[in-house]
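Reading through the structure tokens given below for one structure.
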Amino acid sequence: MIKNIMNRKAYSFSVLMLVFLCLFAIISCKTEKKIIAEPVNPVKEKGADFLFEQLKKSELKFNFLTVKIEAETKTEKETNSFNVNLRIKKDSIIWMTISAVFGIEVARVLITNDSVKLIDKFHSTFFKGDFKYINNMFSTELDFDILQAILVGNDFSFYENDVFKARSDGKDYLLSTVGRRKLKKHLKENETAKILIQDIWLNSETFKIVRVMMKDIKEKQKLEVEYFDFNKLNEQLFPGEVKINVKAEKSILEADLKYSSPELRDSMEFPFNISKKYTQVFLKENKN
């Protein structure tokens, strides 16, 4: 069961860091068969441009996605288990309900490009902020595009693709860069272009992303995401499990996310109503 929801720093780290550094897609039906792509030419003959072309072809194409998640998070101090119902409207909305093991909803999250909102039903409180607020609080460099990509196993849509070097590690293909920036046309007013140190591992047969690593040398942080158990979803491949590891200078967060019942839809609702009886809370900046 989630402990101390939105009441203390432990909750902020367990749930909000899961939401933003993460946080989630399918333990699919056992009757589904894994897809194996046709062999392609070695990466040494094609290079990074070829790999990115194949990566984009293999990405999950969707307008609306819904999926159930069994989540477990670990920090140095505690382990939390909870369930999540996730809905995404591509490039627009990420919506979640967070429930205790026995199915009691304790929190609801609504994320857009410009806002981050959370209702804590357990304590009758709510939080309103944005990615700038969250990034300042946790010393991270996240935005909606990065979060959405992590959740569905895609690459970042609004970042440079021409700064990578490609090689094979003997099993997977590896794309590496020490200076990937957000495209200028997607920068908001007063937003500074982020510079990402990033490695992307691709399955050598399907070209699906199986591992992503991002580093922030200045803040001494590393985010690693791994994808497992790919299965068929509407003739596409979608992961059944996501493991997330966040290492900062003085803290560690691990998350194991198991997905089930994924669906691609043409439309979806995102109910989010804050009771007038609820009290707004403000999260304190992380001083670690």
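Each chain in the structure tokens gets a letter, A, B, ..., in the order shown, and its residues are numbered from 1; ligands are numbered from 1 in order too.
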
Contacts of stretch 175-178 of chain A within 12 Å, only C-alpha atoms, excl. fewer than 3 positions in-chain, as a ChimeraX atom specification: /A:43,47-52,55,155,159-169,172,181,194-203,207,209-217

Take the residues that were just selected and, keeping N, CA and C atoms, output them as a compact mmCIF listing (two decimals), in the first residue's frame.
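Written file, result-v7.txt:
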# COMPACT_ATOMS: atom_id res chain seq x y z
N VAL A 43 24.66 -3.15 -39.11
CA VAL A 43 24.70 -1.73 -38.83
C VAL A 43 25.96 -1.08 -39.40
N GLY A 47 24.86 2.43 -40.60
CA GLY A 47 25.12 3.51 -39.68
C GLY A 47 23.89 3.98 -38.92
N ALA A 48 24.06 5.13 -38.21
CA ALA A 48 23.03 5.65 -37.32
C ALA A 48 21.76 6.04 -38.06
N ASP A 49 21.89 6.60 -39.26
CA ASP A 49 20.70 7.00 -40.01
C ASP A 49 19.80 5.81 -40.30
N PHE A 50 20.41 4.70 -40.67
CA PHE A 50 19.65 3.48 -40.94
C PHE A 50 18.95 3.00 -39.68
N LEU A 51 19.66 3.00 -38.55
CA LEU A 51 19.06 2.54 -37.30
C LEU A 51 17.88 3.42 -36.88
N PHE A 52 18.03 4.73 -37.03
CA PHE A 52 16.92 5.61 -36.66
C PHE A 52 15.72 5.42 -37.58
N LEU A 55 14.16 2.32 -36.26
CA LEU A 55 13.57 2.59 -34.95
C LEU A 55 12.21 3.28 -35.11
N ASP A 155 11.12 6.45 -28.89
CA ASP A 155 12.16 7.47 -28.78
C ASP A 155 11.51 8.82 -28.57
N TYR A 159 13.40 15.72 -30.39
CA TYR A 159 14.84 15.90 -30.16
C TYR A 159 15.63 15.52 -31.41
N GLU A 160 16.85 16.03 -31.50
CA GLU A 160 17.71 15.77 -32.66
C GLU A 160 17.97 14.28 -32.85
N ASN A 161 18.04 13.87 -34.12
CA ASN A 161 18.38 12.49 -34.45
C ASN A 161 19.72 12.36 -35.17
N ASP A 162 20.38 13.48 -35.45
CA ASP A 162 21.57 13.45 -36.30
C ASP A 162 22.87 13.59 -35.52
N VAL A 163 22.83 13.34 -34.22
CA VAL A 163 24.04 13.51 -33.40
C VAL A 163 24.52 12.19 -32.81
N PHE A 164 24.01 11.09 -33.32
CA PHE A 164 24.33 9.77 -32.77
C PHE A 164 25.41 9.06 -33.55
N LYS A 165 26.13 8.21 -32.85
CA LYS A 165 27.04 7.25 -33.46
C LYS A 165 26.48 5.86 -33.23
N ALA A 166 26.71 4.96 -34.17
CA ALA A 166 26.10 3.62 -34.10
C ALA A 166 27.17 2.54 -34.07
N ARG A 167 26.86 1.48 -33.33
CA ARG A 167 27.71 0.30 -33.33
C ARG A 167 26.89 -0.89 -32.82
N SER A 168 27.45 -2.06 -32.92
CA SER A 168 26.83 -3.27 -32.39
C SER A 168 27.63 -3.74 -31.17
N ASP A 169 26.92 -4.15 -30.11
CA ASP A 169 27.63 -4.66 -28.93
C ASP A 169 27.69 -6.18 -28.94
N ASP A 172 22.87 -6.43 -29.37
CA ASP A 172 21.94 -5.38 -29.79
C ASP A 172 22.70 -4.29 -30.53
N ARG A 181 19.97 17.59 -28.37
CA ARG A 181 19.20 18.75 -27.95
C ARG A 181 17.75 18.67 -28.42
N LYS A 194 17.66 21.49 -23.62
CA LYS A 194 18.34 20.50 -22.80
C LYS A 194 19.41 19.79 -23.63
N ILE A 195 20.49 19.41 -23.00
CA ILE A 195 21.53 18.63 -23.66
C ILE A 195 21.59 17.26 -22.99
N LEU A 196 21.28 16.23 -23.75
CA LEU A 196 21.19 14.88 -23.20
C LEU A 196 22.42 14.06 -23.56
N ILE A 197 22.97 13.38 -22.58
CA ILE A 197 23.95 12.33 -22.81
C ILE A 197 23.16 11.03 -22.80
N GLN A 198 23.08 10.36 -23.94
CA GLN A 198 22.11 9.28 -24.06
C GLN A 198 22.67 8.09 -24.84
N ASP A 199 22.31 6.89 -24.37
CA ASP A 199 22.57 5.65 -25.10
C ASP A 199 21.23 4.94 -25.31
N ILE A 200 21.03 4.42 -26.52
CA ILE A 200 19.81 3.68 -26.85
C ILE A 200 20.19 2.34 -27.44
N TRP A 201 19.71 1.25 -26.82
CA TRP A 201 19.96 -0.09 -27.33
C TRP A 201 18.72 -0.58 -28.09
N LEU A 202 18.93 -1.11 -29.30
CA LEU A 202 17.85 -1.62 -30.12
C LEU A 202 18.00 -3.12 -30.33
N ASN A 203 16.90 -3.85 -30.26
CA ASN A 203 16.92 -5.26 -30.61
C ASN A 203 17.35 -5.40 -32.06
N PHE A 207 14.23 -4.02 -33.90
CA PHE A 207 14.58 -2.60 -33.79
C PHE A 207 13.75 -1.87 -32.75
N ILE A 209 13.25 -0.47 -28.99
CA ILE A 209 14.13 -0.03 -27.91
C ILE A 209 14.03 -1.02 -26.75
N VAL A 210 15.16 -1.56 -26.33
CA VAL A 210 15.18 -2.50 -25.20
C VAL A 210 15.85 -1.90 -23.97
N ARG A 211 16.57 -0.80 -24.17
CA ARG A 211 17.24 -0.17 -23.04
C ARG A 211 17.58 1.27 -23.40
N VAL A 212 17.42 2.17 -22.45
CA VAL A 212 17.78 3.57 -22.62
C VAL A 212 18.53 4.03 -21.38
N MET A 213 19.60 4.77 -21.59
CA MET A 213 20.34 5.33 -20.46
C MET A 213 20.59 6.81 -20.72
N MET A 214 20.27 7.64 -19.73
CA MET A 214 20.53 9.07 -19.81
C MET A 214 21.34 9.49 -18.59
N LYS A 215 22.29 10.39 -18.82
CA LYS A 215 23.16 10.84 -17.74
C LYS A 215 23.15 12.36 -17.65
N ASP A 216 23.25 12.83 -16.43
CA ASP A 216 23.42 14.25 -16.14
C ASP A 216 24.69 14.37 -15.30
N ILE A 217 25.78 14.69 -15.96
CA ILE A 217 27.08 14.73 -15.28
C ILE A 217 27.09 15.82 -14.20

ask   = Looking only at the backbone, which of the residues in stretch 88-264 of chain A does DSSP tag as helix (DSSP H, G or I), as a PyMOL selection string?
value = chain A and resi 131-138+144-152+184-186

The selected residues should be written to file as a PDB file, in the first residue's frame (atoms: C-alpha atoms).
ATOM      1  CA  PHE A 131       7.502  20.383 -15.365  1.00  0.00           C
ATOM      2  CA  LYS A 132       9.677  23.383 -14.513  1.00  0.00           C
ATOM      3  CA  TYR A 133       8.510  23.144 -10.898  1.00  0.00           C
ATOM      4  CA  ILE A 134       9.121  19.388 -10.784  1.00  0.00           C
ATOM      5  CA  ASN A 135      12.528  19.659 -12.452  1.00  0.00           C
ATOM      6  CA  ASN A 136      13.648  22.368 -10.041  1.00  0.00           C
ATOM      7  CA  MET A 137      12.441  20.328  -7.084  1.00  0.00           C
ATOM      8  CA  PHE A 138      14.104  17.069  -8.103  1.00  0.00           C
ATOM      9  CA  PHE A 144       6.106  15.652 -21.528  1.00  0.00           C
ATOM     10  CA  ASP A 145       7.827  14.211 -24.604  1.00  0.00           C
ATOM     11  CA  ILE A 146      10.432  12.326 -22.556  1.00  0.00           C
ATOM     12  CA  LEU A 147       7.861  10.981 -20.084  1.00  0.00           C
ATOM     13  CA  GLN A 148       5.518   9.781 -22.824  1.00  0.00           C
ATOM     14  CA  ALA A 149       8.382   8.081 -24.659  1.00  0.00           C
ATOM     15  CA  ILE A 150       9.504   6.250 -21.519  1.00  0.00           C
ATOM     16  CA  LEU A 151       5.983   4.998 -20.818  1.00  0.00           C
ATOM     17  CA  VAL A 152       5.388   3.491 -24.267  1.00  0.00           C
ATOM     18  CA  LYS A 184      14.209  24.708 -31.471  1.00  0.00           C
ATOM     19  CA  LYS A 185      10.699  24.708 -32.942  1.00  0.00           C
ATOM     20  CA  HIS A 186       9.502  22.695 -29.939  1.00  0.00           C
TER      21      HIS A 186
END

Produce a table with one row for each residue of stretch 101-198 of chain A that has an atom at most 9 Å from any atom of stretch 258-279 of chain A, each row naming the nearest atom pair and its distance in Å at one decimal; use only C-alpha atoms; arrange rows by chain and rising residue number; format as a Markdown table.
| residue | atom | partner | partner_atom | distance |
| --- | --- | --- | --- | --- |
| A:Arg108 | CA | A:Phe272 | CA | 7.5 |
| A:Val109 | CA | A:Phe272 | CA | 8.1 |
| A:Leu110 | CA | A:Phe272 | CA | 7.2 |
| A:Ile119 | CA | A:Ile274 | CA | 6.9 |
| A:Asp120 | CA | A:Tyr278 | CA | 8.7 |
| A:Lys121 | CA | A:Tyr278 | CA | 8.5 |
| A:His123 | CA | A:Tyr278 | CA | 8.4 |
| A:Ser124 | CA | A:Tyr278 | CA | 4.8 |
| A:Thr125 | CA | A:Thr279 | CA | 4.5 |
| A:Phe126 | CA | A:Thr279 | CA | 6.2 |
| A:Phe127 | CA | A:Thr279 | CA | 8.7 |

Writing out the chosen residues with N, CA and C atoms as a compact mmCIF listing (two decimals), in the first residue's frame:
# COMPACT_ATOMS: atom_id res chain seq x y z
N ARG A 108 -4.94 10.47 -8.10
CA ARG A 108 -5.22 10.62 -9.53
C ARG A 108 -4.29 11.69 -10.08
N VAL A 109 -3.72 11.43 -11.25
CA VAL A 109 -2.71 12.31 -11.84
C VAL A 109 -3.15 12.73 -13.24
N LEU A 110 -2.96 14.00 -13.57
CA LEU A 110 -3.22 14.52 -14.90
C LEU A 110 -2.03 15.37 -15.33
N ILE A 119 -4.33 14.60 -7.41
CA ILE A 119 -5.32 14.58 -6.34
C ILE A 119 -4.97 13.46 -5.37
N ASP A 120 -4.79 13.80 -4.11
CA ASP A 120 -4.54 12.81 -3.06
C ASP A 120 -5.85 12.58 -2.31
N LYS A 121 -6.56 11.53 -2.68
CA LYS A 121 -7.86 11.25 -2.07
C LYS A 121 -7.72 10.75 -0.65
N HIS A 123 -5.68 11.89 1.67
CA HIS A 123 -5.53 12.99 2.62
C HIS A 123 -6.38 14.21 2.24
N SER A 124 -7.22 14.07 1.20
CA SER A 124 -8.10 15.16 0.76
C SER A 124 -7.30 16.42 0.43
N THR A 125 -6.23 16.24 -0.34
CA THR A 125 -5.39 17.35 -0.77
C THR A 125 -5.14 17.24 -2.28
N PHE A 126 -4.61 18.32 -2.86
CA PHE A 126 -4.26 18.29 -4.27
C PHE A 126 -3.02 19.14 -4.51
N PHE A 127 -2.35 18.84 -5.62
CA PHE A 127 -1.13 19.55 -6.01
C PHE A 127 -1.28 20.05 -7.45

Next on the checklist: DSSP on the backbone, strand (DSSP E or B) only: what residues of stretch 50-272 of chain A does that give? Format it as a PyMOL selection string.
Outcome noted: chain A and resi 64-74+79-89+93-99+105-112+116-120+125-129+159+165-168+172-182+195-203+209-216+221-228+231-233+236-238+241-247+252-265

Go ahead and save the residues from that selection, with C-alpha atoms, as an mmCIF file, in the first residue's frame.
data_model
loop_
_atom_site.group_PDB
_atom_site.id
_atom_site.type_symbol
_atom_site.label_atom_id
_atom_site.label_comp_id
_atom_site.auth_asym_id
_atom_site.auth_seq_id
_atom_site.Cartn_x
_atom_site.Cartn_y
_atom_site.Cartn_z
ATOM 1 C CA PHE A 64 -5.130 6.871 -27.519
ATOM 2 C CA LEU A 65 -3.630 4.173 -25.295
ATOM 3 C CA THR A 66 -4.914 2.562 -22.104
ATOM 4 C CA VAL A 67 -3.087 -0.029 -19.986
ATOM 5 C CA LYS A 68 -3.141 -1.440 -16.454
ATOM 6 C CA ILE A 69 0.030 -1.555 -14.365
ATOM 7 C CA GLU A 70 1.259 -3.424 -11.317
ATOM 8 C CA ALA A 71 3.996 -1.211 -9.880
ATOM 9 C CA GLU A 72 6.620 -1.694 -7.216
ATOM 10 C CA THR A 73 9.032 1.059 -6.204
ATOM 11 C CA LYS A 74 12.054 0.811 -3.941
ATOM 12 C CA THR A 79 9.244 -0.488 -0.762
ATOM 13 C CA ASN A 80 5.792 0.429 -2.097
ATOM 14 C CA SER A 81 3.402 -1.635 -4.227
ATOM 15 C CA PHE A 82 0.360 -0.205 -6.003
ATOM 16 C CA ASN A 83 -1.755 -0.462 -9.144
ATOM 17 C CA VAL A 84 -2.094 2.120 -11.900
ATOM 18 C CA ASN A 85 -4.621 2.665 -14.669
ATOM 19 C CA LEU A 86 -2.823 4.629 -17.382
ATOM 20 C CA ARG A 87 -4.397 6.523 -20.281
ATOM 21 C CA ILE A 88 -2.514 8.562 -22.864
ATOM 22 C CA LYS A 89 -3.663 10.886 -25.608
ATOM 23 C CA ILE A 93 -2.422 14.053 -21.996
ATOM 24 C CA ILE A 94 -1.081 11.475 -19.553
ATOM 25 C CA TRP A 95 -3.714 10.414 -17.005
ATOM 26 C CA MET A 96 -3.385 7.932 -14.141
ATOM 27 C CA THR A 97 -5.357 6.564 -11.237
ATOM 28 C CA ILE A 98 -3.235 5.062 -8.461
ATOM 29 C CA SER A 99 -4.793 2.422 -6.230
ATOM 30 C CA GLU A 105 -8.102 4.624 -5.391
ATOM 31 C CA VAL A 106 -5.780 6.871 -3.420
ATOM 32 C CA ALA A 107 -4.494 9.292 -6.052
ATOM 33 C CA ARG A 108 -5.224 10.617 -9.526
ATOM 34 C CA VAL A 109 -2.708 12.309 -11.842
ATOM 35 C CA LEU A 110 -3.224 14.522 -14.905
ATOM 36 C CA ILE A 111 -0.211 15.645 -16.940
ATOM 37 C CA THR A 112 -0.189 17.865 -20.023
ATOM 38 C CA VAL A 116 1.132 18.605 -13.629
ATOM 39 C CA LYS A 117 -1.801 17.943 -11.285
ATOM 40 C CA LEU A 118 -2.328 15.335 -8.575
ATOM 41 C CA ILE A 119 -5.319 14.582 -6.336
ATOM 42 C CA ASP A 120 -4.540 12.812 -3.060
ATOM 43 C CA THR A 125 -5.387 17.346 -0.775
ATOM 44 C CA PHE A 126 -4.256 18.293 -4.273
ATOM 45 C CA PHE A 127 -1.131 19.554 -6.012
ATOM 46 C CA LYS A 128 -0.802 21.818 -9.056
ATOM 47 C CA GLY A 129 2.486 22.529 -10.811
ATOM 48 C CA TYR A 159 14.838 15.902 -30.159
ATOM 49 C CA LYS A 165 27.040 7.251 -33.457
ATOM 50 C CA ALA A 166 26.103 3.625 -34.101
ATOM 51 C CA ARG A 167 27.706 0.295 -33.326
ATOM 52 C CA SER A 168 26.827 -3.266 -32.386
ATOM 53 C CA ASP A 172 21.944 -5.378 -29.786
ATOM 54 C CA TYR A 173 22.535 -2.221 -31.790
ATOM 55 C CA LEU A 174 23.694 0.800 -29.803
ATOM 56 C CA LEU A 175 23.100 4.472 -30.591
ATOM 57 C CA SER A 176 25.175 6.903 -28.499
ATOM 58 C CA THR A 177 25.423 10.667 -28.157
ATOM 59 C CA VAL A 178 26.930 13.186 -25.747
ATOM 60 C CA GLY A 179 24.964 16.196 -27.011
ATOM 61 C CA ARG A 180 21.344 15.616 -28.052
ATOM 62 C CA ARG A 181 19.195 18.752 -27.945
ATOM 63 C CA LYS A 182 15.501 19.499 -28.129
ATOM 64 C CA ILE A 195 21.535 18.631 -23.661
ATOM 65 C CA LEU A 196 21.193 14.883 -23.198
ATOM 66 C CA ILE A 197 23.950 12.327 -22.815
ATOM 67 C CA GLN A 198 22.114 9.281 -24.065
ATOM 68 C CA ASP A 199 22.566 5.648 -25.096
ATOM 69 C CA ILE A 200 19.808 3.685 -26.855
ATOM 70 C CA TRP A 201 19.958 -0.089 -27.330
ATOM 71 C CA LEU A 202 17.846 -1.621 -30.124
ATOM 72 C CA ASN A 203 16.917 -5.261 -30.608
ATOM 73 C CA ILE A 209 14.132 -0.035 -27.908
ATOM 74 C CA VAL A 210 15.177 -2.498 -25.203
ATOM 75 C CA ARG A 211 17.239 -0.166 -23.037
ATOM 76 C CA VAL A 212 17.781 3.574 -22.621
ATOM 77 C CA MET A 213 20.344 5.329 -20.457
ATOM 78 C CA MET A 214 20.527 9.070 -19.809
ATOM 79 C CA LYS A 215 23.163 10.839 -17.741
ATOM 80 C CA ASP A 216 23.423 14.248 -16.140
ATOM 81 C CA GLN A 221 22.361 11.536 -11.941
ATOM 82 C CA LYS A 222 21.646 8.561 -14.176
ATOM 83 C CA LEU A 223 18.343 7.227 -15.477
ATOM 84 C CA GLU A 224 18.189 3.739 -16.952
ATOM 85 C CA VAL A 225 15.064 2.139 -18.434
ATOM 86 C CA GLU A 226 14.803 -1.453 -19.692
ATOM 87 C CA TYR A 227 11.957 -3.063 -21.653
ATOM 88 C CA PHE A 228 11.047 -6.762 -21.601
ATOM 89 C CA ASN A 231 4.241 -9.013 -27.589
ATOM 90 C CA LYS A 232 1.785 -8.199 -30.318
ATOM 91 C CA LEU A 233 -0.627 -5.276 -29.913
ATOM 92 C CA GLN A 236 2.691 -3.794 -33.353
ATOM 93 C CA LEU A 237 5.153 -4.685 -30.592
ATOM 94 C CA PHE A 238 4.611 -3.431 -27.062
ATOM 95 C CA GLU A 241 7.481 -5.059 -18.357
ATOM 96 C CA VAL A 242 9.526 -1.937 -17.721
ATOM 97 C CA LYS A 243 12.292 -1.619 -15.153
ATOM 98 C CA ILE A 244 13.495 1.819 -14.130
ATOM 99 C CA ASN A 245 16.595 2.697 -12.146
ATOM 100 C CA VAL A 246 17.310 6.256 -11.042
ATOM 101 C CA LYS A 247 20.610 7.020 -9.357
ATOM 102 C CA ILE A 252 18.358 5.620 -5.541
ATOM 103 C CA LEU A 253 14.919 4.751 -6.921
ATOM 104 C CA GLU A 254 14.040 1.432 -8.538
ATOM 105 C CA ALA A 255 10.695 0.709 -10.186
ATOM 106 C CA ASP A 256 9.332 -2.507 -11.667
ATOM 107 C CA LEU A 257 6.248 -1.920 -13.833
ATOM 108 C CA LYS A 258 4.233 -4.843 -15.187
ATOM 109 C CA TYR A 259 1.617 -4.029 -17.821
ATOM 110 C CA SER A 260 -1.622 -5.818 -18.712
ATOM 111 C CA SER A 261 -4.776 -5.322 -20.801
ATOM 112 C CA PRO A 262 -3.364 -2.733 -23.241
ATOM 113 C CA GLU A 263 -5.730 -1.229 -25.784
ATOM 114 C CA LEU A 264 -5.413 1.269 -28.616
ATOM 115 C CA ARG A 265 -8.556 3.367 -29.061
#
